[in-house]
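Reading through the C-alpha cells given below for one structure.
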Amino acid sequence: MTQTLDAVSKPPPRPDGEREALERAWAPPKGWRQLSAVNNTRIGVFYIATAMLFFVLAGVLALIMRTQLAVPDNGLIDPRTYNQLFTMHGTVMMFLFAVPIVEAVAIYLLPSMIGARDLPFPLLSAYSFWAYAIGGLAFFFTIFFGVSPDGGWFMYPPLTGKEFSPGRGADWWLLGIGFIEISAIAGAIELIVGILFTRAPGMTLARMPIFAWAMLVTALMIVIAFPAVIAATMLLELERAFDWPFFIPARGGDPLLWQHLFWFFGHPEVYI
C-alpha cells in the first residue's frame with residue numbers, strides 16, 4: 001500500500017529540455033526586440049522610465065520659468081514663451097506624470113502581488129504604454145517647433161478658441177491629450193480585469209493587499225472620469241476645425257460646458 005501511494009505521489013519525470021523550452025518561451029526579447037515585449041514586467045519598466053523622463057522634463061521647464069522670475073525685467077524668455085512653458089509644465093505634470101506613474105507602478109507590481117503570471121491582456125498593456133509614450137512625446141516636442149499651446153494646462157475657452165488662439169498649439173494639446181487619456185483608460189481596464197479575475201486561488205477581495213485595493217479604486221475612477229475630458233477635447237477640436245460653436249456664447253455655445261466636463265475629470269484626478 002505504501003509503495004502504491006509513493007508511486008502515485010511522485011510527479012512523472014519531465015521530458016528532456018522541457019524546462020529550458022519554457023524558460024526560452026517566457027524570457028524577454030533581446031536587443032531591439034525588447035520594444036516588442038508585452039509582459040507586465042517589461043511594460044512596467046518602460047512605463048515608469050517614461051513617466052520619470054517626463055517628470056524631469058517638467059522640472060526643467062519649471063527651472064526656466066523660475067529663472068525668468070528670479071530678477072526684475074529679466075529677458076531670458078519673452079511673454080509668449082513663458083505662457084507656453086507654463087502650459088507645458090502643468091500639462092506634463094498632470095497628464096504625463098501624475099496619473100501614468102500610478103498606472104506604471106501598478107502594471108509592474110500587481111501581478112506578483114495577486115499571484116498572477118501576467119495581466120490578462122498583455123497587448124492592451126503594450127498599447128496603453130505606446131499610446132502614452134507616442135502621444136506624450138509628440139506633444140512635448142511641439143516646444144521645439146514653436147507650436148506649443150499657451151492657453152494654460154486647463155485650456156479654458158474662449159481663450160483657446162480660434163479667435164484668441166489662432167495657431168496650431170491648442171490643436172496639438174487636444175490631439176496629445178486625447179491619446180494620453182485613451183491610454184489611461186486602456187491601462188485602467190487592464191488593471192480592473194486583472195484584479196477581479198486573475199487573483200490566486202483563495203485570495204478573496206477581502207484578502208487582497210491594500211495596494212491592490214487602492215489600484216482597483218483608482219482604475220475605476222479613471223474609467224468613470226476620463227471619458228469626460230476626452231469628450232471635451234473632441235468638442236473643442238470640432239469647434240476649432242469646423243467652426244461648430246460649442247463654447248462660443250455669442251453663437252449659442254457655453255464656455256461653462258468645458259469647465260463642467262474638464263473638472264468632472266479633474267476633481268477625481270486629485271484623488272487618483
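The way I read the labels, and the way they are meant: chains A, B, ... in the order of the C-alpha cells, residue 1 as the first residue of every chain, and ligand 1 as the first ligand shown, with later ones counted on from there.
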Exercise. Skipping near chain neighbours, those fewer than 3 positions away, what residues fall within 12 Å of segment 17-30 of chain A using only C-alpha atoms, listed as a ChimeraX atom specification?
Worked result: /A:13-14,33-43,117-118
Expected file: the selected residues, C-alpha atoms, as a PDB file, in the first residue's frame:
```pdb
ATOM      1  CA  PRO A  13       9.632  12.882 -14.918  1.00  0.00           C
ATOM      2  CA  ARG A  14       9.836  15.963 -17.120  1.00  0.00           C
ATOM      3  CA  ARG A  33      13.178  43.263 -29.867  1.00  0.00           C
ATOM      4  CA  GLN A  34      12.675  44.377 -26.275  1.00  0.00           C
ATOM      5  CA  LEU A  35      10.490  47.135 -27.712  1.00  0.00           C
ATOM      6  CA  SER A  36       8.012  44.449 -28.802  1.00  0.00           C
ATOM      7  CA  ALA A  37       7.735  42.951 -25.304  1.00  0.00           C
ATOM      8  CA  VAL A  38       4.233  42.664 -23.873  1.00  0.00           C
ATOM      9  CA  ASN A  39       4.821  41.103 -20.454  1.00  0.00           C
ATOM     10  CA  ASN A  40       3.843  43.253 -17.498  1.00  0.00           C
ATOM     11  CA  THR A  41       7.353  43.494 -16.027  1.00  0.00           C
ATOM     12  CA  ARG A  42       8.938  44.930 -19.155  1.00  0.00           C
ATOM     13  CA  ILE A  43       5.973  47.209 -19.962  1.00  0.00           C
ATOM     14  CA  ARG A 117       1.587  35.194 -14.081  1.00  0.00           C
ATOM     15  CA  ASP A 118       0.770  38.374 -16.020  1.00  0.00           C
TER      16      ASP A 118
END
```
Exercise. Segment 173-178 of chain A: which residues within 6 Å, counting only C-alpha atoms, same-chain residues fewer than 6 positions away excluded, as a ChimeraX atom specification?
Worked result: /A:135,139,230,233
For this session: Give the answer as one residue: which of A:Met113, A:Arg66, A:Val105, A:Lys162 has the shortest atom-to-atom distance to Trp244 of chain A, using only C-alpha atoms?
Result: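 Between A:Met113, A:Arg66, A:Val105, A:Lys162, the residue approaching Trp244 of chain A most closely is A:Lys162.
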Exercise. What's the 10 Å shell around Leu110 of chain A, counting only C-alpha atoms, without same-chain residues fewer than 2 positions away, as a PyMOL selection string?
Worked result: chain A and resi 40-41+105-108+112-116+118-119+191+194-195+199+209+211-212+215
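Closest approach to Met208 of chain A among A:Tyr156, A:Met52, A:Leu57, A:Leu196: A:Leu196, based on only C-alpha atoms.
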For this session: Per DSSP on the backbone, filter segment 52-173 of chain A down to the residues in alpha helix (DSSP H) and report them as an MDAnalysis selection string.
Result: chainID A and resid 52:68 79:91 99:114 122:140 169:173
For this session: Could you give me, as a PyMOL selection string, the residues within 8 Å of Ala51 of chain A, counting only C-alpha atoms and dropping anything in the same chain fewer than 4 positions from it?
Result: chain A and resi 47+55+96-97+100-101
For this session: Quick one: pull the distance between atom CA of Trp172 of chain A and atom CA of Phe265 of chain A, Å, one decimal.
Result: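 Rounded to one decimal, the two atoms are 19.8 Å apart.
In this comparison, which uses only C-alpha atoms, the residue of A:Glu163, A:Leu124, A:Pro12, A:Gly136 approaching Asp243 of chain A most closely is A:Glu163.
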For this session: One decimal, Å: what's the distance from atom CA of Gly90 of chain A over to atom CA of Val56 of chain A, could you say?
Result: 12.9 Å
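Across A:Ala70, A:Ala58, A:Val102, A:Leu238, the tightest approach to Phe140 of chain A is made by A:Ala58 when counting only C-alpha atoms.
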Exercise. In Å, with one decimal, what is the gap from atom CA of Val147 of chain A to atom CA of Ile77 of chain A?
Worked result: 15.6 Å
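Once Gln259 of chain A and its same-chain neighbours fewer than 5 positions away are set aside, Phe154, Met155, Tyr156, Pro157, Val229, Ala232, Asp254, Phe264, Phe265 and Gly266 of chain A remain within 10 Å of it when counting only C-alpha atoms.
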